[in-house]
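Beneath this line is the structure, given in structure tokens, with notes to follow.
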Amino acid sequence: MLLLIVRSAALAADAALHTVSLARAKDLSTTGLSGQSLFRLKSAPEDAASALRTLQTFALVFAAGLAAYAGSYLPVPQWAEANIPGLGHLVGPFGGVLIGAVLATLTDLIFRALAVASGERPALRAARPVRALSGGVSAVLR
């Protein structure tokens, strides 16, 4: 669940950064370090986007792997043993991934809605960590 929250937080940060225009980010750059970071992110949006999408992808892949692993410990249903001989053991991992997908969808919707509805405050809060992350990821991806 923690990986899904990390992924949803990255999606919320991405949505929050898109709600602030470049002109407004320039105005906010005089308010402090968060405003300066926000303006730098808005000036080079591809760095922030690549960092956030990399984080989202890794979190989702690891969450799906953990869900499948946890699902493999679920007992095999009798109907699966009877109707799908030899493949009944796949029902648990598939169920784990399916439950993880539903949870990921719900957390994504909630986090994005909260970020967009709150205006520029989440963008200012997310600017400094996203800028730090984008510096590290951009160096590796280039």
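Ordering of the structure tokens sets the chain letters (A, B, ...); residue numbers start at 1 within each chain; ligands are numbered from 1 in the order shown.
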List the spatial neighbours of region 112-118 of chain A as an mmCIF file with N, CA and C atoms, in the first residue's frame - criterion: any atom at most 9 Å away, only C-alpha atoms, same-chain residues fewer than 6 positions off excluded.
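Saved the output as part-v1.cif:
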```cif
data_model
loop_
_atom_site.group_PDB
_atom_site.id
_atom_site.type_symbol
_atom_site.label_atom_id
_atom_site.label_comp_id
_atom_site.auth_asym_id
_atom_site.auth_seq_id
_atom_site.Cartn_x
_atom_site.Cartn_y
_atom_site.Cartn_z
ATOM 1 N N SER A 8 0.705 7.585 -6.000
ATOM 2 C CA SER A 8 -0.381 8.563 -6.021
ATOM 3 C C SER A 8 0.109 9.951 -5.635
ATOM 4 N N ALA A 9 1.065 10.028 -4.722
ATOM 5 C CA ALA A 9 1.634 11.327 -4.356
ATOM 6 C C ALA A 9 2.382 11.935 -5.541
ATOM 7 N N LEU A 11 1.647 11.351 -8.709
ATOM 8 C CA LEU A 11 0.605 11.787 -9.636
ATOM 9 C C LEU A 11 -0.037 13.086 -9.175
ATOM 10 N N ALA A 12 -0.241 13.214 -7.865
ATOM 11 C CA ALA A 12 -0.825 14.441 -7.315
ATOM 12 C C ALA A 12 0.127 15.619 -7.507
ATOM 13 N N ALA A 13 1.414 15.380 -7.306
ATOM 14 C CA ALA A 13 2.397 16.450 -7.523
ATOM 15 C C ALA A 13 2.395 16.884 -8.987
ATOM 16 N N ASP A 14 2.301 15.927 -9.880
ATOM 17 C CA ASP A 14 2.252 16.243 -11.308
ATOM 18 C C ASP A 14 1.009 17.066 -11.629
ATOM 19 N N ALA A 15 -0.133 16.660 -11.103
ATOM 20 C CA ALA A 15 -1.375 17.401 -11.340
ATOM 21 C C ALA A 15 -1.306 18.795 -10.731
ATOM 22 N N ALA A 16 -0.731 18.899 -9.537
ATOM 23 C CA ALA A 16 -0.629 20.203 -8.877
ATOM 24 C C ALA A 16 0.299 21.135 -9.647
ATOM 25 N N HIS A 18 0.746 21.173 -12.796
ATOM 26 C CA HIS A 18 0.074 21.599 -14.020
ATOM 27 C C HIS A 18 -0.995 22.654 -13.768
ATOM 28 N N THR A 19 -1.447 22.800 -12.527
ATOM 29 C CA THR A 19 -2.490 23.791 -12.245
ATOM 30 C C THR A 19 -1.947 25.208 -12.156
#
```
List the neighbours of Leu33 (chain A) out to 12 Å using only C-alpha atoms; skip same-chain residues closer than 3 positions along the sequence, and give me the result as a PyMOL selection string.
chain A and resi 25+28-30+36-40+124-129+131
Can you spit out the residues from that selection as a CSV table (one decimal), in the first residue's frame, using C-alpha atoms?
```csv
chain,number,residue,atom,x,y,z
A,25,ALA,CA,5.0,30.6,-10.9
A,28,LEU,CA,5.5,33.1,-6.6
A,29,SER,CA,9.3,32.9,-7.2
A,30,THR,CA,9.8,35.9,-4.9
A,36,GLN,CA,11.8,29.5,-6.8
A,37,SER,CA,11.8,25.7,-7.1
A,38,LEU,CA,8.3,25.9,-8.6
A,39,PHE,CA,9.4,28.5,-11.2
A,40,ARG,CA,12.4,26.4,-12.2
A,124,LEU,CA,4.4,24.9,-3.7
A,125,ARG,CA,4.7,22.0,-1.2
A,126,ALA,CA,5.7,19.5,-4.0
A,127,ALA,CA,8.1,21.8,-5.8
A,128,ARG,CA,11.2,21.4,-3.7
A,129,PRO,CA,11.1,17.5,-3.4
A,131,ARG,CA,13.1,19.5,-8.1
```
Find the residue from A:Leu106, A:Gly71, A:Ser21, A:Leu66 that sits nearest to His89 (chain A); use only C-alpha atoms when measuring.
A:Gly71
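Of the listed residues (A:Leu55, A:Ile110, A:Ala63, A:Ile99), A:Leu55 comes nearest to Val137 (chain A); the distances count only C-alpha atoms.
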With region 133-136 of chain A as the partner and 7 Å as the cut-off, tabulate the residues of region 37-127 of chain A that qualify, each row holding the nearest pair of atoms and their distance in Å to one decimal, using only C-alpha atoms, sorted by chain and rising number, as CSV.
```
residue,atom,partner,partner_atom,distance
A:Asp47,CA,A:Ser134,CA,5.7
A:Ala48,CA,A:Ser134,CA,5.4
A:Ala51,CA,A:Ser134,CA,4.8
```
Could you dump the residues just selected with C-alpha atoms as a PDB file, in the first residue's frame?
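The resulting file, result31.pdb, is shown below:
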```pdb
ATOM      1  CA  ASP A  47      12.748  17.380 -16.220  1.00  0.00           C
ATOM      2  CA  ALA A  48       9.946  17.314 -13.673  1.00  0.00           C
ATOM      3  CA  ALA A  51      11.321  12.370 -12.795  1.00  0.00           C
TER       4      ALA A  51
END
```
